[in-house]
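Student: Next up, query.cif (mmCIF, C-alpha atoms and all ligand atoms).
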data_start
#
loop_
_atom_site.label_atom_id
_atom_site.label_comp_id
_atom_site.auth_asym_id
_atom_site.auth_seq_id
_atom_site.Cartn_x
_atom_site.Cartn_y
_atom_site.Cartn_z
CA MET A 1 -81.69 -9.72 -52.85
CA GLN A 2 -83.05 -13.12 -53.97
CA ALA A 3 -79.96 -13.59 -56.14
CA GLU A 4 -77.75 -12.96 -53.15
CA TYR A 5 -79.62 -15.40 -50.92
CA ARG A 6 -79.26 -17.99 -53.67
CA GLN A 7 -75.56 -17.31 -53.95
CA ARG A 8 -75.16 -17.78 -50.18
CA ARG A 9 -76.97 -21.13 -50.35
CA GLU A 10 -74.78 -22.22 -53.25
CA GLN A 11 -71.67 -21.25 -51.35
CA LEU A 12 -72.81 -23.23 -48.32
CA MET A 13 -73.79 -26.24 -50.42
CA ALA A 14 -70.40 -26.23 -52.12
CA LYS A 15 -68.84 -26.52 -48.67
CA ILE A 16 -70.98 -29.37 -47.36
CA GLY A 17 -70.71 -31.58 -50.43
CA ASN A 18 -72.69 -34.78 -50.17
CA SER A 19 -74.46 -33.73 -46.96
CA THR A 20 -77.72 -32.10 -45.92
CA ALA A 21 -78.00 -28.90 -43.91
CA ILE A 22 -81.06 -28.08 -41.83
CA PHE A 23 -81.96 -24.67 -40.40
CA ARG A 24 -84.89 -23.92 -38.16
CA SER A 25 -86.70 -20.57 -38.07
CA ALA A 26 -86.95 -18.59 -34.84
CA THR A 27 -90.03 -19.28 -32.73
CA THR A 28 -92.54 -16.79 -31.44
CA ALA A 29 -92.27 -15.77 -27.78
CA VAL A 30 -95.03 -14.80 -25.37
CA MET A 31 -94.83 -11.34 -23.84
CA HIS A 32 -97.85 -11.86 -21.57
CA ASN A 33 -101.00 -13.96 -21.76
CA ASP A 34 -101.92 -14.15 -25.46
CA VAL A 35 -99.70 -11.27 -26.60
CA GLU A 36 -96.47 -12.11 -28.38
CA TYR A 37 -93.24 -10.20 -28.86
CA ASN A 38 -92.61 -8.99 -32.39
CA PHE A 39 -91.34 -11.93 -34.38
CA ARG A 40 -87.70 -11.73 -35.40
CA GLN A 41 -86.31 -14.35 -37.74
CA ASP A 42 -83.28 -16.40 -36.76
CA SER A 43 -80.23 -14.75 -38.33
CA ASP A 44 -78.84 -17.90 -40.00
CA PHE A 45 -82.25 -18.66 -41.46
CA PHE A 46 -82.68 -15.11 -42.70
CA TYR A 47 -79.17 -14.99 -44.15
CA LEU A 48 -79.91 -18.00 -46.33
CA THR A 49 -83.46 -17.21 -47.39
CA GLY A 50 -84.74 -13.72 -46.51
CA PHE A 51 -87.82 -15.60 -45.32
CA ASN A 52 -89.47 -13.90 -42.41
CA GLU A 53 -91.97 -16.27 -40.79
CA PRO A 54 -91.93 -18.63 -37.80
CA GLU A 55 -92.67 -22.38 -38.02
CA ALA A 56 -90.38 -22.87 -40.98
CA VAL A 57 -87.46 -25.14 -41.83
CA VAL A 58 -84.87 -24.90 -44.60
CA VAL A 59 -83.30 -28.04 -46.00
CA LEU A 60 -80.29 -27.75 -48.28
CA ALA A 61 -79.50 -31.02 -50.02
CA PRO A 62 -76.84 -30.39 -52.69
CA HIS A 63 -76.73 -34.08 -53.57
CA HIS A 64 -80.45 -34.32 -54.33
CA SER A 65 -81.20 -34.55 -58.04
CA GLU A 66 -84.09 -32.04 -58.07
CA HIS A 67 -84.69 -30.56 -54.64
CA ARG A 68 -81.51 -28.87 -53.51
CA PHE A 69 -83.36 -26.11 -51.65
CA VAL A 70 -86.50 -27.12 -49.78
CA LEU A 71 -88.68 -24.94 -47.57
CA PHE A 72 -91.20 -26.14 -45.01
CA VAL A 73 -93.57 -23.29 -44.12
CA GLN A 74 -96.92 -22.52 -42.53
CA PRO A 75 -99.65 -23.16 -45.09
CA LYS A 76 -102.07 -20.43 -46.13
CA ASP A 77 -105.01 -20.23 -43.74
CA PRO A 78 -107.33 -17.26 -44.42
CA GLU A 79 -109.03 -17.50 -41.05
CA LYS A 80 -105.81 -17.53 -39.02
CA GLU A 81 -104.25 -14.89 -41.26
CA THR A 82 -107.08 -12.51 -40.38
CA TRP A 83 -105.80 -12.58 -36.81
CA THR A 84 -102.08 -13.11 -37.02
CA GLY A 85 -101.21 -11.64 -40.42
CA TYR A 86 -100.21 -12.64 -43.90
CA ARG A 87 -98.46 -15.91 -44.61
CA VAL A 88 -96.48 -16.58 -47.76
CA GLY A 89 -97.76 -20.14 -47.95
CA VAL A 90 -96.44 -23.22 -49.71
CA GLU A 91 -96.93 -22.24 -53.35
CA ALA A 92 -95.49 -18.74 -53.06
CA ALA A 93 -92.53 -20.10 -51.06
CA LYS A 94 -91.39 -21.56 -54.35
CA GLU A 95 -92.23 -18.55 -56.51
CA LEU A 96 -91.03 -15.78 -54.19
CA TYR A 97 -88.15 -17.48 -52.40
CA GLY A 98 -86.91 -19.75 -55.14
CA ALA A 99 -87.36 -23.06 -53.33
CA ASP A 100 -87.10 -26.12 -55.58
CA GLU A 101 -89.80 -27.69 -53.46
CA ALA A 102 -91.96 -26.48 -50.59
CA TYR A 103 -94.21 -28.26 -48.13
CA SER A 104 -96.42 -27.47 -45.21
CA ILE A 105 -94.48 -27.65 -41.95
CA ALA A 106 -96.97 -30.33 -40.91
CA GLU A 107 -95.33 -32.64 -43.48
CA LEU A 108 -91.82 -32.29 -42.07
CA ASN A 109 -91.59 -35.71 -40.40
CA GLU A 110 -92.91 -37.46 -43.45
CA LYS A 111 -90.72 -35.68 -46.01
CA LEU A 112 -87.46 -35.06 -44.19
CA PRO A 113 -86.02 -38.62 -44.35
CA LYS A 114 -85.82 -38.63 -48.11
CA TYR A 115 -83.52 -35.59 -47.97
CA LEU A 116 -81.32 -37.26 -45.37
CA GLU A 117 -81.05 -40.89 -46.37
CA LYS A 118 -78.38 -40.35 -49.04
CA ALA A 119 -76.49 -37.67 -47.15
CA ASP A 120 -73.05 -38.38 -45.65
CA ARG A 121 -73.65 -36.00 -42.77
CA ILE A 122 -76.24 -33.69 -41.31
CA TYR A 123 -75.24 -30.09 -40.74
CA TYR A 124 -77.37 -28.74 -37.93
CA HIS A 125 -76.87 -26.44 -34.96
CA LEU A 126 -78.43 -27.74 -31.76
CA GLY A 127 -80.49 -24.68 -30.88
CA ARG A 128 -82.66 -23.52 -28.02
CA ASP A 129 -85.73 -25.34 -29.32
CA GLU A 130 -85.29 -28.69 -27.55
CA LYS A 131 -88.33 -30.17 -29.20
CA PHE A 132 -86.93 -29.51 -32.64
CA ASN A 133 -83.48 -30.76 -31.62
CA ASN A 134 -85.15 -33.99 -30.59
CA THR A 135 -86.98 -34.18 -33.91
CA ILE A 136 -83.67 -34.06 -35.76
CA LEU A 137 -82.04 -36.58 -33.42
CA LYS A 138 -84.99 -38.92 -33.82
CA HIS A 139 -84.67 -38.84 -37.61
CA TRP A 140 -80.96 -39.41 -37.39
CA ARG A 141 -81.41 -42.37 -35.06
CA GLY A 142 -83.95 -43.86 -37.45
CA LEU A 143 -81.57 -43.51 -40.37
CA ILE A 144 -78.68 -45.06 -38.43
CA ALA A 145 -80.92 -48.04 -37.55
CA THR A 146 -81.63 -48.65 -41.21
CA TYR A 147 -78.18 -47.72 -42.57
CA GLY A 148 -77.21 -51.37 -43.04
CA LYS A 149 -80.12 -52.03 -45.39
CA ARG A 150 -79.60 -48.91 -47.48
CA GLY A 151 -75.84 -48.60 -47.33
CA THR A 152 -76.21 -44.80 -47.15
CA GLY A 153 -77.10 -42.22 -44.55
CA PRO A 154 -75.60 -39.59 -42.29
CA ILE A 155 -72.89 -40.97 -40.04
CA ALA A 156 -72.48 -37.74 -38.07
CA ILE A 157 -74.09 -34.44 -37.21
CA GLU A 158 -71.79 -31.47 -37.66
CA ASP A 159 -72.54 -28.05 -36.23
CA SER A 160 -73.57 -25.76 -39.08
CA ASN A 161 -72.04 -22.77 -37.29
CA PHE A 162 -68.60 -23.87 -38.42
CA VAL A 163 -69.47 -23.65 -42.10
CA LEU A 164 -72.02 -20.82 -42.13
CA HIS A 165 -70.58 -18.36 -39.65
CA PRO A 166 -67.27 -17.80 -41.44
CA MET A 167 -69.43 -16.71 -44.38
CA ARG A 168 -71.47 -14.32 -42.23
CA LEU A 169 -68.30 -12.83 -40.81
CA VAL A 170 -67.29 -11.21 -44.10
CA LYS A 171 -69.95 -8.79 -45.29
CA SER A 172 -71.04 -8.48 -48.92
CA GLN A 173 -71.68 -5.14 -50.65
CA ALA A 174 -75.42 -5.53 -50.09
CA GLU A 175 -74.86 -6.21 -46.40
CA LEU A 176 -72.49 -3.29 -46.10
CA GLU A 177 -75.15 -0.98 -47.52
CA LEU A 178 -77.66 -2.14 -44.92
CA MET A 179 -75.05 -1.75 -42.19
CA ARG A 180 -74.31 1.79 -43.32
CA LYS A 181 -78.01 2.59 -43.24
CA ALA A 182 -78.47 1.16 -39.71
CA ILE A 183 -75.34 2.95 -38.53
CA ASN A 184 -76.17 6.30 -40.12
CA ILE A 185 -79.55 6.33 -38.41
CA SER A 186 -77.80 5.46 -35.13
CA VAL A 187 -75.35 8.33 -35.69
CA GLU A 188 -78.16 10.81 -36.28
CA ALA A 189 -79.95 9.63 -33.13
CA HIS A 190 -76.83 10.00 -30.98
CA ASN A 191 -76.15 13.51 -32.27
CA HIS A 192 -79.70 14.55 -31.59
CA ALA A 193 -79.64 12.94 -28.12
CA ARG A 194 -76.53 14.89 -27.16
CA GLU A 195 -78.10 18.19 -28.23
CA PHE A 196 -81.33 17.34 -26.42
CA THR A 197 -79.63 16.41 -23.14
CA GLN A 198 -79.66 18.95 -20.31
CA PRO A 199 -79.76 18.88 -16.52
CA GLY A 200 -83.24 18.13 -15.19
CA ARG A 201 -84.27 15.86 -18.04
CA TYR A 202 -84.94 12.18 -17.37
CA GLU A 203 -82.96 9.39 -18.95
CA TYR A 204 -86.12 8.02 -20.56
CA GLU A 205 -86.69 11.31 -22.40
CA ILE A 206 -83.35 10.81 -24.12
CA GLN A 207 -84.24 7.19 -24.86
CA ALA A 208 -87.54 8.32 -26.40
CA GLU A 209 -85.80 10.85 -28.67
CA ILE A 210 -83.31 8.23 -29.83
CA GLU A 211 -85.86 5.53 -30.53
CA HIS A 212 -88.15 8.04 -32.23
CA ILE A 213 -85.45 8.67 -34.81
CA PHE A 214 -84.79 4.95 -35.25
CA ARG A 215 -88.37 4.33 -36.30
CA LEU A 216 -88.86 7.63 -38.10
CA ARG A 217 -86.00 6.78 -40.44
CA GLY A 218 -87.45 3.37 -41.28
CA GLY A 219 -85.55 1.27 -38.77
CA VAL A 220 -87.27 -1.60 -37.01
CA GLY A 221 -86.35 -0.05 -33.66
CA PRO A 222 -83.51 -0.52 -31.19
CA ALA A 223 -81.00 -3.26 -31.99
CA TYR A 224 -80.87 -4.04 -28.23
CA PRO A 225 -82.39 -2.36 -25.17
CA SER A 226 -81.07 1.23 -25.23
CA ILE A 227 -78.78 2.11 -22.32
CA VAL A 228 -79.17 5.72 -21.14
CA ALA A 229 -77.16 5.82 -17.94
CA SER A 230 -76.41 9.02 -16.05
CA GLY A 231 -73.94 9.40 -13.19
CA ALA A 232 -73.06 6.16 -11.44
CA ASN A 233 -75.67 4.25 -13.45
CA ALA A 234 -73.02 4.12 -16.17
CA CYS A 235 -71.09 1.66 -13.99
CA VAL A 236 -73.87 -0.91 -14.51
CA LEU A 237 -73.00 -2.30 -17.93
CA HIS A 238 -76.51 -3.27 -18.96
CA TYR A 239 -78.45 -0.54 -17.15
CA ILE A 240 -81.78 -0.24 -18.97
CA GLU A 241 -84.19 1.20 -16.38
CA ASN A 242 -83.47 4.66 -17.82
CA ASP A 243 -85.72 6.35 -15.24
CA ARG A 244 -83.41 8.75 -13.41
CA GLN A 245 -83.40 12.53 -13.54
CA MET A 246 -80.05 13.81 -14.75
CA GLN A 247 -78.07 16.41 -12.86
CA ASP A 248 -75.52 18.99 -13.83
CA ASN A 249 -71.89 17.91 -13.36
CA GLU A 250 -72.74 14.31 -14.24
CA LEU A 251 -71.83 12.26 -17.25
CA LEU A 252 -74.35 10.54 -19.47
CA LEU A 253 -73.44 7.23 -21.13
CA ILE A 254 -75.63 6.33 -24.09
CA ASP A 255 -75.25 2.91 -25.68
CA ALA A 256 -77.88 2.65 -28.42
CA GLY A 257 -78.08 1.36 -31.96
CA CYS A 258 -80.70 1.07 -34.65
CA CYS A 259 -81.79 -2.14 -36.32
CA TYR A 260 -82.49 -1.54 -40.00
CA GLY A 261 -83.40 -4.33 -42.41
CA TYR A 262 -82.11 -6.90 -39.89
CA TYR A 263 -78.67 -5.20 -39.57
CA ASN A 264 -77.51 -3.42 -36.44
CA GLY A 265 -75.62 -0.37 -35.27
CA ASP A 266 -74.05 -0.35 -31.78
CA ILE A 267 -72.70 3.02 -30.64
CA THR A 268 -71.67 4.29 -27.22
CA ARG A 269 -70.84 7.87 -26.33
CA THR A 270 -70.30 9.44 -22.91
CA PHE A 271 -70.54 13.21 -22.41
CA PRO A 272 -71.29 15.76 -19.67
CA VAL A 273 -74.99 16.38 -19.05
CA GLY A 274 -74.37 20.11 -18.57
CA GLY A 275 -71.82 20.38 -21.40
CA LYS A 276 -68.71 20.65 -19.21
CA PHE A 277 -66.48 17.91 -17.78
CA THR A 278 -65.22 18.06 -14.19
CA PRO A 279 -61.41 17.64 -14.08
CA GLU A 280 -61.80 14.01 -12.85
CA GLN A 281 -64.29 13.16 -15.57
CA LYS A 282 -62.03 14.71 -18.19
CA THR A 283 -59.02 12.75 -16.93
CA ILE A 284 -60.81 9.41 -17.18
CA TYR A 285 -62.45 10.36 -20.48
CA ASP A 286 -59.12 11.23 -22.05
CA LEU A 287 -57.70 7.93 -20.87
CA VAL A 288 -60.57 5.89 -22.37
CA LEU A 289 -60.36 7.92 -25.57
CA SER A 290 -56.64 7.31 -25.83
CA ALA A 291 -57.20 3.56 -25.33
CA GLN A 292 -59.95 3.60 -27.95
CA LEU A 293 -57.88 5.47 -30.56
CA GLN A 294 -54.86 3.24 -30.07
CA ALA A 295 -57.02 0.12 -30.24
CA LEU A 296 -58.69 1.44 -33.41
CA ALA A 297 -55.28 1.90 -35.00
CA GLN A 298 -54.78 -1.88 -34.69
CA VAL A 299 -57.80 -2.62 -36.87
CA GLN A 300 -55.84 -3.63 -39.96
CA PRO A 301 -56.10 -6.65 -42.20
CA GLY A 302 -53.60 -9.27 -41.07
CA ASN A 303 -53.65 -8.21 -37.41
CA SER A 304 -54.83 -10.60 -34.74
CA TRP A 305 -58.26 -10.04 -33.23
CA ASN A 306 -56.78 -9.96 -29.77
CA LEU A 307 -54.30 -7.20 -30.53
CA ILE A 308 -57.19 -4.72 -30.31
CA HIS A 309 -58.07 -5.81 -26.78
CA ASP A 310 -54.47 -6.12 -25.63
CA THR A 311 -53.73 -2.63 -26.89
CA ALA A 312 -56.71 -1.10 -25.09
CA VAL A 313 -55.91 -2.92 -21.85
CA ARG A 314 -52.29 -1.77 -21.86
CA VAL A 315 -53.23 1.88 -22.38
CA LEU A 316 -55.91 1.72 -19.68
CA VAL A 317 -53.64 0.01 -17.16
CA GLU A 318 -50.81 2.44 -17.85
CA GLY A 319 -53.20 5.35 -17.28
CA MET A 320 -54.64 3.88 -14.10
CA LEU A 321 -51.10 3.33 -12.80
CA ASP A 322 -50.33 7.01 -13.41
CA LEU A 323 -53.48 8.00 -11.52
CA GLY A 324 -52.72 5.70 -8.57
CA ILE A 325 -55.85 3.65 -9.15
CA LEU A 326 -53.57 0.66 -9.75
CA GLN A 327 -50.16 0.00 -8.22
CA GLY A 328 -47.36 -2.31 -9.30
CA ASN A 329 -45.65 -3.59 -12.41
CA ILE A 330 -47.62 -3.07 -15.61
CA ASP A 331 -46.96 -6.51 -17.06
CA GLU A 332 -47.97 -8.25 -13.84
CA LEU A 333 -51.08 -6.10 -13.46
CA ILE A 334 -52.13 -7.11 -16.96
CA LYS A 335 -51.23 -10.77 -16.54
CA GLU A 336 -53.07 -11.01 -13.22
CA GLU A 337 -56.00 -8.97 -14.56
CA LYS A 338 -55.86 -6.52 -11.64
CA TYR A 339 -57.68 -3.97 -13.82
CA LYS A 340 -60.83 -6.09 -13.99
CA PRO A 341 -62.79 -4.28 -11.23
CA TYR A 342 -62.64 -1.20 -13.53
CA TYR A 343 -62.59 -2.81 -16.98
CA MET A 344 -64.46 -6.10 -16.95
CA HIS A 345 -65.51 -6.63 -20.56
CA ARG A 346 -63.76 -7.30 -23.85
CA THR A 347 -62.91 -4.46 -26.21
CA GLY A 348 -65.30 -5.45 -28.97
CA HIS A 349 -67.26 -8.00 -30.93
CA TRP A 350 -68.32 -8.77 -34.48
CA LEU A 351 -71.33 -6.77 -35.64
CA GLY A 352 -73.93 -7.58 -38.29
CA LEU A 353 -77.21 -9.46 -38.40
CA ASP A 354 -76.69 -10.09 -34.69
CA VAL A 355 -75.38 -7.34 -32.43
CA HIS A 356 -72.91 -9.84 -31.05
CA ASP A 357 -72.51 -11.30 -34.49
CA ALA A 358 -71.67 -14.77 -35.68
CA GLY A 359 -68.06 -15.72 -36.13
CA MET A 360 -65.26 -17.19 -34.08
CA TYR A 361 -62.75 -15.08 -32.19
CA LYS A 362 -60.38 -17.96 -31.71
CA GLN A 363 -59.73 -21.19 -33.57
CA GLY A 364 -57.32 -23.27 -31.58
CA GLU A 365 -56.11 -22.50 -28.09
CA GLU A 366 -53.70 -19.73 -29.05
CA THR A 367 -54.90 -18.90 -32.54
CA TRP A 368 -56.89 -15.70 -32.69
CA GLN A 369 -58.94 -14.75 -35.72
CA ILE A 370 -56.95 -12.71 -38.22
CA LEU A 371 -58.68 -9.54 -39.39
CA GLN A 372 -59.65 -9.45 -43.05
CA PRO A 373 -61.40 -6.93 -45.31
CA GLY A 374 -65.19 -6.99 -45.07
CA GLN A 375 -65.39 -7.80 -41.38
CA ILE A 376 -67.24 -5.34 -39.14
CA LEU A 377 -66.49 -5.08 -35.45
CA THR A 378 -66.92 -2.74 -32.50
CA VAL A 379 -64.10 -1.11 -30.56
CA GLU A 380 -65.45 -0.18 -27.15
CA PRO A 381 -63.09 0.19 -24.20
CA GLY A 382 -64.29 1.77 -20.98
CA ILE A 383 -63.55 2.47 -17.35
CA TYR A 384 -66.19 1.94 -14.68
CA ILE A 385 -65.47 2.97 -11.11
CA ALA A 386 -68.60 2.01 -9.20
CA PRO A 387 -69.25 3.94 -5.96
CA ASN A 388 -68.77 0.75 -3.92
CA VAL A 389 -66.04 -0.79 -6.11
CA LYS A 390 -63.77 -3.38 -4.48
CA PRO A 391 -60.19 -3.30 -5.76
CA ALA A 392 -58.46 -6.51 -6.79
CA GLU A 393 -56.37 -8.26 -4.14
CA GLY A 394 -53.34 -6.25 -3.16
CA GLN A 395 -54.55 -3.11 -4.91
CA PRO A 396 -55.31 0.23 -3.20
CA GLU A 397 -58.77 1.52 -2.32
CA VAL A 398 -59.93 3.98 -4.98
CA ASP A 399 -59.85 7.65 -4.06
CA ASN A 400 -63.36 9.03 -3.61
CA ARG A 401 -62.94 11.56 -6.39
CA TRP A 402 -62.96 8.81 -9.04
CA ARG A 403 -65.97 6.96 -7.69
CA GLY A 404 -69.17 6.99 -9.67
CA ILE A 405 -67.46 7.66 -13.01
CA GLY A 406 -68.40 5.27 -15.82
CA ILE A 407 -67.20 5.90 -19.37
CA ARG A 408 -67.31 3.86 -22.56
CA ILE A 409 -66.64 4.92 -26.14
CA GLU A 410 -67.83 2.53 -28.84
CA ASP A 411 -67.40 2.76 -32.61
CA ASN A 412 -68.34 0.40 -35.43
CA VAL A 413 -65.45 -0.35 -37.73
CA LEU A 414 -65.11 -1.93 -41.16
CA VAL A 415 -61.86 -3.71 -41.97
CA THR A 416 -60.74 -2.52 -45.42
CA GLU A 417 -57.95 -3.55 -47.81
CA SER A 418 -55.75 -0.72 -46.60
CA GLY A 419 -56.75 -0.52 -42.92
CA HIS A 420 -60.15 0.38 -41.62
CA GLU A 421 -63.08 2.76 -41.88
CA VAL A 422 -64.81 4.04 -38.75
CA LEU A 423 -68.44 3.84 -39.82
CA THR A 424 -69.59 5.82 -36.77
CA ALA A 425 -67.21 8.75 -37.23
CA GLY A 426 -70.21 11.08 -37.51
CA VAL A 427 -70.68 11.14 -33.72
CA PRO A 428 -68.04 13.34 -32.09
CA LYS A 429 -65.75 12.01 -29.39
N1 LIG B 1 -74.72 -2.82 -26.48
C1 LIG B 1 -74.11 -4.06 -26.36
C2 LIG B 1 -72.68 -3.99 -26.63
O1 LIG B 1 -72.12 -2.92 -26.72
O2 LIG B 1 -72.04 -4.97 -26.81
MN MN B 2 -73.00 -1.10 -27.31
MN MN B 3 -71.01 -3.41 -28.51
#
Give the structure from this file in structure tokens form.
Tutor:
Amino acid sequence: MQAEYRQRREQLMAKIGNSTAIFRSATTAVMHNDVEYNFRQDSDFFYLTGFNEPEAVVVLAPHHSEHRFVLFVQPKDPEKETWTGYRVGVEAAKELYGADEAYSIAELNEKLPKYLEKADRIYYHLGRDEKFNNTILKHWRGLIATYGKRGTGPIAIEDSNFVLHPMRLVKSQAELELMRKAINISVEAHNHAREFTQPGRYEYEIQAEIEHIFRLRGGVGPAYPSIVASGANACVLHYIENDRQMQDNELLLIDAGCCYGYYNGDITRTFPVGGKFTPEQKTIYDLVLSAQLQALAQVQPGNSWNLIHDTAVRVLVEGMLDLGILQGNIDELIKEEKYKPYYMHRTGHWLGLDVHDAGMYKQGEETWQILQPGQILTVEPGIYIAPNVKPAEGQPEVDNRWRGIGIRIEDNVLVTESGHEVLTAGVPK
């Protein structure tokens, strides 16, 4: 993988020319008292380095004569490492990660200016770490104050997202392999969960079976908090309590994906707890499935990102009109978003190192991203009719027989040269 990380850095450096890019590692987060959450590297940082520790900074300075790739890392400290684990350290940061130069993070303020003072611009994303944002701004201000004496220095900060994220959007072969691994584990877990489900079991039992497989197969664990939502719980989009006992004649919505080697699956299936749909459940299920299949058919290189969503919405609205859940003219219902009490989210997102992965959906007010081979996205329409749902203005009250039904079907899809490949086809719909 080191060759690939290097290639990514080279690609980025070619784009930024006579500028310097700075990326900050993720920080550790406290769970309670002196216990921390598992550390998870920032995705941009990982994408460029594979380096997996907090308190680190990458500097890419393509214009520098010797040090084009510089790492600032935590120094070796045997006493601390006994408690908090192994550190790569400054020397090995060069050997193992290919940095031209490496320093202790404690030297950042002293060393950083020399990588900035000949740069035309700084590429940096203002992140959640305000203290570090201020560090970068302080250096920039200092360099602006002295620009007149030097005649060089960054005259602007540009957001690195706009150069790095288009790269992350199109997956390499190595990334695709990791995605397939994460997704195949997720597929196995969903298939097992469905077989394991029966009336009387608790939602958390299903969650435990799923997450057992994630870890057993070498995954890090869940890519996001697993949603195991029976009955009307499925109408709460991010239901994660997972503590209810499931009954016969109910549906179970499972939205769970494995994280493997930093890459993520994200699958949703909805099925009857007791193995048999009620007629109402089947009607809504068939409608969501039809929307999902027609939306999937639009995943083709050259198509607009938004065509997937528009297609799903039209099928769902048409179906809800037929069922009397909506009333009126289809084009007006869509334009005025009268379906939103029952379908309130978008039909998908990019998928990769982040579950809601990097990459723009729109560039320009009316210019949607055009699909191209190598992109991976989810297609995940649903219908959610909460027991206490309030219809949109001018729309009828929902008949009681539909209330409490929540259904989503979510696949992970690779855009290919000739169309698409559903990577999650191993879980039945
Ligand atoms: N599980 C989060 C999502 O489907 O987007
Ligand atoms: Mn999901
Ligand atoms: Mn999703």
Student: So how far away is atom CA of A:Arg9 from atom CA of A:Pro166, in Å?
Tutor: 13.6 Å
Student: Of the candidates A:Val413, A:Ile22, A:Ala291, A:Val398, which shows the shortest atom-to-atom distance to A:Tyr123, using all atoms listed in the file?
Tutor: A:Ile22
Student: Would you mind listing the residues within 6 Å of ligand MN 2 (chain B), counting all atoms listed in the file, as a PyMOL selection string?
Tutor: chain A and resi 255+266-268
Student: Residues within 9 Å of ligand MN 3 (chain B) (only C-alpha atoms and all ligand atoms), as a list of chain:residue names?
Tutor: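 So, counting only C-alpha atoms and all ligand atoms, the residues near ligand MN 3 (chain B) are A:Asp255, A:Gly265, A:Asp266, A:Ile267, A:Thr268, A:Thr347, A:Gly348, A:His349, A:Trp350, A:Leu351, A:Val355, A:His356, A:Leu377, A:Thr378, A:Val379, A:Glu380, A:Glu410, A:Asp411, A:Asn412.
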Student: Kindly give the distance, in Å, that separates atom CA of A:Lys362 and atom CA of A:Ile16, rounded to a single decimal.
Tutor: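 Taking atom CA of A:Lys362 and atom CA of A:Ile16, their separation equals 22.1 Å.
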Student: Box for stretch 153-159 of chain A: with edges along x, y and z, all listed atoms inside and 3 Å added on each side, what are the centre and edge lengths in Å to one decimal, as AutoDock Vina command-line options?
Tutor:
--center_x -74.4 --center_y -35.1 --center_z -40.4 --size_x 11.3 --size_y 20.2 --size_z 14.3
Student: May I ask which of the residues A:Gln292, A:Thr84, A:Ser186, A:Gln198 is the closest one to A:Arg314, counting all atoms listed in the file?
Tutor: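 Once distances to A:Arg314 are computed over all atoms listed in the file, the minimum belongs to A:Gln292.
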